[in-house]
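Colleague: Starting off with a structure, shown below.
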Amino acid sequence: MTTAHELYERGLRDHLAPALRLLGLTGWRRTFSLPDETHWALLGLVEQRAGDRIRYTFDLSLVRRSDWAEAALPGPRPDPRAVYGIESWRARIGELLPVGEDVWWEVLPGPRWQVALDDSVAAVRHYGLPELRRRARGDRGAGTGETYLSPAELEQVNAPLAAVAVARIQRAELVDGALVLTGAWTRADAAARTVLRGVARGFLSADDERFRTVRCLDSLGRPLWDFDDSGRDTGREADRDSDRDSDRDAGPGAGRPER
């Protein structure tokens with residue numbers, strides 16, 4: 001009798017990988033990419049094994065080719081299943097589905113063993129790839145303000161963020177009297193909000209006349225949080241309850257680096 005593991009490996013080789021390539025992805029078995037001149041637009045197969053049974057899902061990742069080259073990290077391209085801190089965006093595919101939560105598929109012996117494979121390919125086709133393409137288009141068009149930090153200064157500010165596994169600040173720009181920080185964060189990321197609050201207070205403590213607030217945007221330019229010099233989130237959709245830990249967890253000493 002064919003085992004679940006044997007069916008899974010056959011399914012990857014004969015069904016999943018060919019179907020993904022028909023959708024325009026290139027790659028083999030467990031990591032794939034969309035052709036794009038400016039970004040690594042990636043899809044990676046994430047597996048969980050328990051005995052002979054294997055379940056799987058997908059990670060999606062968007063990395064600027066210029067950022068990957070500058071970081072000089074090992075490998076010819078990023079692995080979408082790894083977190084490097086230079087991503088413009090990343091997500092687990094379940095976040096993009098209507099259920100909005102982690103989704104896993106499992107190939108089991110029986111006459112309908114291909115159903116999980118077909119369902120997961122449909123999720124990539126209808127939700128994963130459209131969002132990956134949309135994110136790449138948005139990232140190419142982002143950035144309209146005066147640059148506030150040099151690349152070296154930005155790396156200095158990003159070092160403490162990397163130490164606490166918070167996505168890096170991709171851009172720091174002056175726009176309409178605000179310092180706008182852009183990164184691959186989400187409103188649900190409480191750790192990022194807390195650390196960025198500390199970063200904002202550091203910037204504002206410099207008393208730069210060009211800005212009086214720090215605004216945080218996601219990688220598509222959508223507003224997340226606005227901080228004033230007290231570290232209070234002044235945005236209309238601020239989660240007021242999370243302000244209570246602002247002084248305790250403001251994050252490592254981040255702010256405008258010394259020149």
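Here's how to read the names in the structure tokens: chain A, B, ... by the order shown, residue numbers from 1 in each chain, ligand numbers from 1 in the order shown.
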Would you kindly return, as a PDB file with N, CA, C and O atoms, in the first residue's frame, each protein, DNA or RNA residue with an atom no farther than 9 Å from any atom of Tyr8 of chain A, considering only C-alpha atoms and excluding same-chain residues fewer than 4 positions away?
Modeller:
```pdb
ATOM      1  N   THR A   3       2.184   4.728   0.970  1.00  0.00           N
ATOM      2  CA  THR A   3       2.107   5.494   2.215  1.00  0.00           C
ATOM      3  C   THR A   3       1.808   6.960   1.923  1.00  0.00           C
ATOM      4  O   THR A   3       1.951   7.438   0.797  1.00  0.00           O
ATOM      5  N   ALA A   4       1.415   7.682   2.994  1.00  0.00           N
ATOM      6  CA  ALA A   4       1.148   9.111   2.862  1.00  0.00           C
ATOM      7  C   ALA A   4       2.398   9.854   2.419  1.00  0.00           C
ATOM      8  O   ALA A   4       2.328  10.787   1.605  1.00  0.00           O
ATOM      9  N   LEU A  12       4.147  16.283  -5.014  1.00  0.00           N
ATOM     10  CA  LEU A  12       5.008  17.443  -5.261  1.00  0.00           C
ATOM     11  C   LEU A  12       5.625  17.374  -6.643  1.00  0.00           C
ATOM     12  O   LEU A  12       5.645  18.370  -7.382  1.00  0.00           O
ATOM     13  N   ARG A  13       6.135  16.211  -6.980  1.00  0.00           N
ATOM     14  CA  ARG A  13       6.876  16.057  -8.237  1.00  0.00           C
ATOM     15  C   ARG A  13       5.959  16.114  -9.455  1.00  0.00           C
ATOM     16  O   ARG A  13       6.269  16.792 -10.445  1.00  0.00           O
ATOM     17  N   ARG A  53       3.299  11.070   8.236  1.00  0.00           N
ATOM     18  CA  ARG A  53       2.370  12.069   7.710  1.00  0.00           C
ATOM     19  C   ARG A  53       3.067  13.426   7.581  1.00  0.00           C
ATOM     20  O   ARG A  53       3.893  13.799   8.407  1.00  0.00           O
ATOM     21  N   ILE A  54       2.716  14.143   6.526  1.00  0.00           N
ATOM     22  CA  ILE A  54       3.298  15.458   6.258  1.00  0.00           C
ATOM     23  C   ILE A  54       2.165  16.420   5.903  1.00  0.00           C
ATOM     24  O   ILE A  54       1.305  16.101   5.074  1.00  0.00           O
ATOM     25  N   ARG A  55       2.151  17.573   6.533  1.00  0.00           N
ATOM     26  CA  ARG A  55       1.244  18.623   6.108  1.00  0.00           C
ATOM     27  C   ARG A  55       2.082  19.816   5.648  1.00  0.00           C
ATOM     28  O   ARG A  55       3.243  19.966   6.043  1.00  0.00           O
ATOM     29  N   GLU A 106      -2.880  18.469   3.738  1.00  0.00           N
ATOM     30  CA  GLU A 106      -2.253  17.174   3.989  1.00  0.00           C
ATOM     31  C   GLU A 106      -2.691  16.188   2.918  1.00  0.00           C
ATOM     32  O   GLU A 106      -3.892  16.078   2.611  1.00  0.00           O
ATOM     33  N   VAL A 107      -1.731  15.468   2.333  1.00  0.00           N
ATOM     34  CA  VAL A 107      -2.010  14.447   1.335  1.00  0.00           C
ATOM     35  C   VAL A 107      -2.152  13.111   2.060  1.00  0.00           C
ATOM     36  O   VAL A 107      -1.213  12.645   2.713  1.00  0.00           O
ATOM     37  N   LEU A 108      -3.335  12.490   1.943  1.00  0.00           N
ATOM     38  CA  LEU A 108      -3.618  11.234   2.640  1.00  0.00           C
ATOM     39  C   LEU A 108      -3.976  10.147   1.629  1.00  0.00           C
ATOM     40  O   LEU A 108      -4.589  10.438   0.579  1.00  0.00           O
ATOM     41  N   TRP A 113      -6.763  11.537  -3.021  1.00  0.00           N
ATOM     42  CA  TRP A 113      -5.531  12.036  -2.412  1.00  0.00           C
ATOM     43  C   TRP A 113      -5.018  13.317  -3.074  1.00  0.00           C
ATOM     44  O   TRP A 113      -4.281  14.080  -2.464  1.00  0.00           O
TER      45      TRP A 113
END
```
Colleague: Return as a PyMOL selection string the full set of residues in segment 85-228 of chain A whose backbone-based DSSP assignment is alpha helix (DSSP H).
Modeller: chain A and resi 115-123+129-140+151-163+190-204
Colleague: Export, as a PDB file, in the first residue's frame, the selected residues with C-alpha atoms.
Modeller:
```
ATOM      1  CA  VAL A 115      -7.716  17.060  -3.597  1.00  0.00           C
ATOM      2  CA  ALA A 116      -5.360  18.764  -1.125  1.00  0.00           C
ATOM      3  CA  LEU A 117      -2.868  19.463  -3.911  1.00  0.00           C
ATOM      4  CA  ASP A 118      -5.531  20.960  -6.176  1.00  0.00           C
ATOM      5  CA  ASP A 119      -6.926  23.066  -3.333  1.00  0.00           C
ATOM      6  CA  SER A 120      -3.516  24.461  -2.395  1.00  0.00           C
ATOM      7  CA  VAL A 121      -2.720  25.335  -6.023  1.00  0.00           C
ATOM      8  CA  ALA A 122      -6.063  27.177  -6.215  1.00  0.00           C
ATOM      9  CA  ALA A 123      -5.129  29.162  -3.093  1.00  0.00           C
ATOM     10  CA  LEU A 129       0.121  35.311  -6.619  1.00  0.00           C
ATOM     11  CA  PRO A 130      -2.265  38.279  -7.054  1.00  0.00           C
ATOM     12  CA  GLU A 131      -1.166  39.662  -3.685  1.00  0.00           C
ATOM     13  CA  LEU A 132       2.510  39.035  -4.435  1.00  0.00           C
ATOM     14  CA  ARG A 133       2.219  40.887  -7.743  1.00  0.00           C
ATOM     15  CA  ARG A 134       0.254  43.721  -6.148  1.00  0.00           C
ATOM     16  CA  ARG A 135       2.868  44.124  -3.434  1.00  0.00           C
ATOM     17  CA  ALA A 136       5.673  44.243  -5.999  1.00  0.00           C
ATOM     18  CA  ARG A 137       3.869  46.917  -8.030  1.00  0.00           C
ATOM     19  CA  GLY A 138       3.206  48.964  -4.908  1.00  0.00           C
ATOM     20  CA  ASP A 139       6.776  48.693  -3.700  1.00  0.00           C
ATOM     21  CA  ARG A 140       8.119  49.887  -7.044  1.00  0.00           C
ATOM     22  CA  PRO A 151      22.015  54.247   3.888  1.00  0.00           C
ATOM     23  CA  ALA A 152      24.722  53.994   6.566  1.00  0.00           C
ATOM     24  CA  GLU A 153      22.587  55.879   9.100  1.00  0.00           C
ATOM     25  CA  LEU A 154      19.575  53.743   8.264  1.00  0.00           C
ATOM     26  CA  GLU A 155      21.556  50.570   8.903  1.00  0.00           C
ATOM     27  CA  GLN A 156      22.659  51.974  12.260  1.00  0.00           C
ATOM     28  CA  VAL A 157      19.029  52.572  13.239  1.00  0.00           C
ATOM     29  CA  ASN A 158      17.982  49.144  11.959  1.00  0.00           C
ATOM     30  CA  ALA A 159      20.548  47.220  13.993  1.00  0.00           C
ATOM     31  CA  PRO A 160      18.500  47.285  17.245  1.00  0.00           C
ATOM     32  CA  LEU A 161      15.360  46.305  15.319  1.00  0.00           C
ATOM     33  CA  ALA A 162      17.072  43.239  13.902  1.00  0.00           C
ATOM     34  CA  ALA A 163      18.180  42.270  17.421  1.00  0.00           C
ATOM     35  CA  ALA A 190       2.353  44.530  18.584  1.00  0.00           C
ATOM     36  CA  ALA A 191       6.115  44.033  18.944  1.00  0.00           C
ATOM     37  CA  ALA A 192       6.829  46.222  15.912  1.00  0.00           C
ATOM     38  CA  ARG A 193       4.498  48.932  17.208  1.00  0.00           C
ATOM     39  CA  THR A 194       6.175  48.959  20.608  1.00  0.00           C
ATOM     40  CA  VAL A 195       9.714  49.087  19.227  1.00  0.00           C
ATOM     41  CA  LEU A 196       8.825  51.716  16.628  1.00  0.00           C
ATOM     42  CA  ARG A 197       7.286  53.847  19.342  1.00  0.00           C
ATOM     43  CA  GLY A 198      10.710  53.905  20.986  1.00  0.00           C
ATOM     44  CA  VAL A 199      12.359  54.680  17.662  1.00  0.00           C
ATOM     45  CA  ALA A 200       9.929  57.558  17.102  1.00  0.00           C
ATOM     46  CA  ARG A 201      10.666  59.053  20.514  1.00  0.00           C
ATOM     47  CA  GLY A 202      14.361  58.898  19.701  1.00  0.00           C
ATOM     48  CA  PHE A 203      13.876  60.756  16.438  1.00  0.00           C
ATOM     49  CA  LEU A 204      11.592  63.354  18.003  1.00  0.00           C
TER      50      LEU A 204
END
```
Colleague: For the atom pair atom CA of Val124 of chain A and atom CA of Leu7 of chain A, what is the interatomic distance in Å to one decimal place?
Modeller: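 The value is 20.7 Å.
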Colleague: Do you know which residues are at most 8 Å from segment 215-224 of chain A counting only C-alpha atoms, after dropping those on the same chain fewer than 5 positions away, and could you put them as an NGL selection string?
Modeller: :A and (88-89 or 135 or 138-139 or 142 or 178-187 or 235)
Colleague: If you keep C-alpha atoms, can you produce a file of those selected residues as an mmCIF file, in the first residue's frame?
Modeller:
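Result written to part_32.cif:
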```cif
data_model
loop_
_atom_site.group_PDB
_atom_site.id
_atom_site.type_symbol
_atom_site.label_atom_id
_atom_site.label_comp_id
_atom_site.auth_asym_id
_atom_site.auth_seq_id
_atom_site.Cartn_x
_atom_site.Cartn_y
_atom_site.Cartn_z
ATOM 1 C CA SER A 88 9.582 44.469 1.631
ATOM 2 C CA TRP A 89 6.752 42.132 2.595
ATOM 3 C CA ARG A 135 2.868 44.124 -3.434
ATOM 4 C CA GLY A 138 3.206 48.964 -4.908
ATOM 5 C CA ASP A 139 6.776 48.693 -3.700
ATOM 6 C CA ALA A 142 6.649 53.805 -3.164
ATOM 7 C CA ALA A 178 6.202 64.368 9.302
ATOM 8 C CA LEU A 179 9.003 61.820 9.374
ATOM 9 C CA VAL A 180 7.599 58.832 7.490
ATOM 10 C CA LEU A 181 9.029 55.391 8.212
ATOM 11 C CA THR A 182 8.160 52.584 5.809
ATOM 12 C CA GLY A 183 8.613 48.877 6.509
ATOM 13 C CA ALA A 184 7.101 45.403 6.233
ATOM 14 C CA TRP A 185 4.969 45.740 9.374
ATOM 15 C CA THR A 186 1.277 45.119 10.027
ATOM 16 C CA ARG A 187 -1.173 46.636 12.486
ATOM 17 C CA GLY A 235 -3.600 57.906 14.587
#
```
Colleague: Measure the distance from atom CA of Arg49 of chain A to atom CA of Asp79 of chain A in Å and round it to one decimal.
Modeller: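 These two atoms are separated by 19.8 Å.
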Colleague: What residues in segment 148-177 of chain A get the DSSP label strand (DSSP E or B)? Please answer as a list of chain:residue names.
Modeller: A:Ile169, A:Gln170, A:Arg171, A:Ala172, A:Glu173, A:Leu174, A:Val175
Colleague: As a VMD selection string, please: the residues near Leu42 of chain A (cut-off 12 Å, only C-alpha atoms, same-chain neighbours under 6 positions excluded).
Modeller: chain A and resid 20 24 to 27 30 to 36 58 to 65 77 to 82 87 to 93 124 128 to 129 131 to 133 135 to 136
Colleague: For the atom pair atom CA of Ala188 of chain A and atom CA of Ala167 of chain A, what is the interatomic distance in Å to one decimal place?
Modeller: 13.4 Å
Colleague: Of the candidates A:Val46, A:Val175, A:Ile169, A:Leu23, which one gets nearest to Val103 of chain A if we count only C-alpha atoms?
Modeller: A:Val46
Colleague: Restricting the calculation to only C-alpha atoms: of A:Arg10, A:His15, A:Arg171, A:His5, which residue gets closest to Glu47 of chain A?
Modeller: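 Among the listed residues, the smallest separation from Glu47 of chain A belongs to A:His5.
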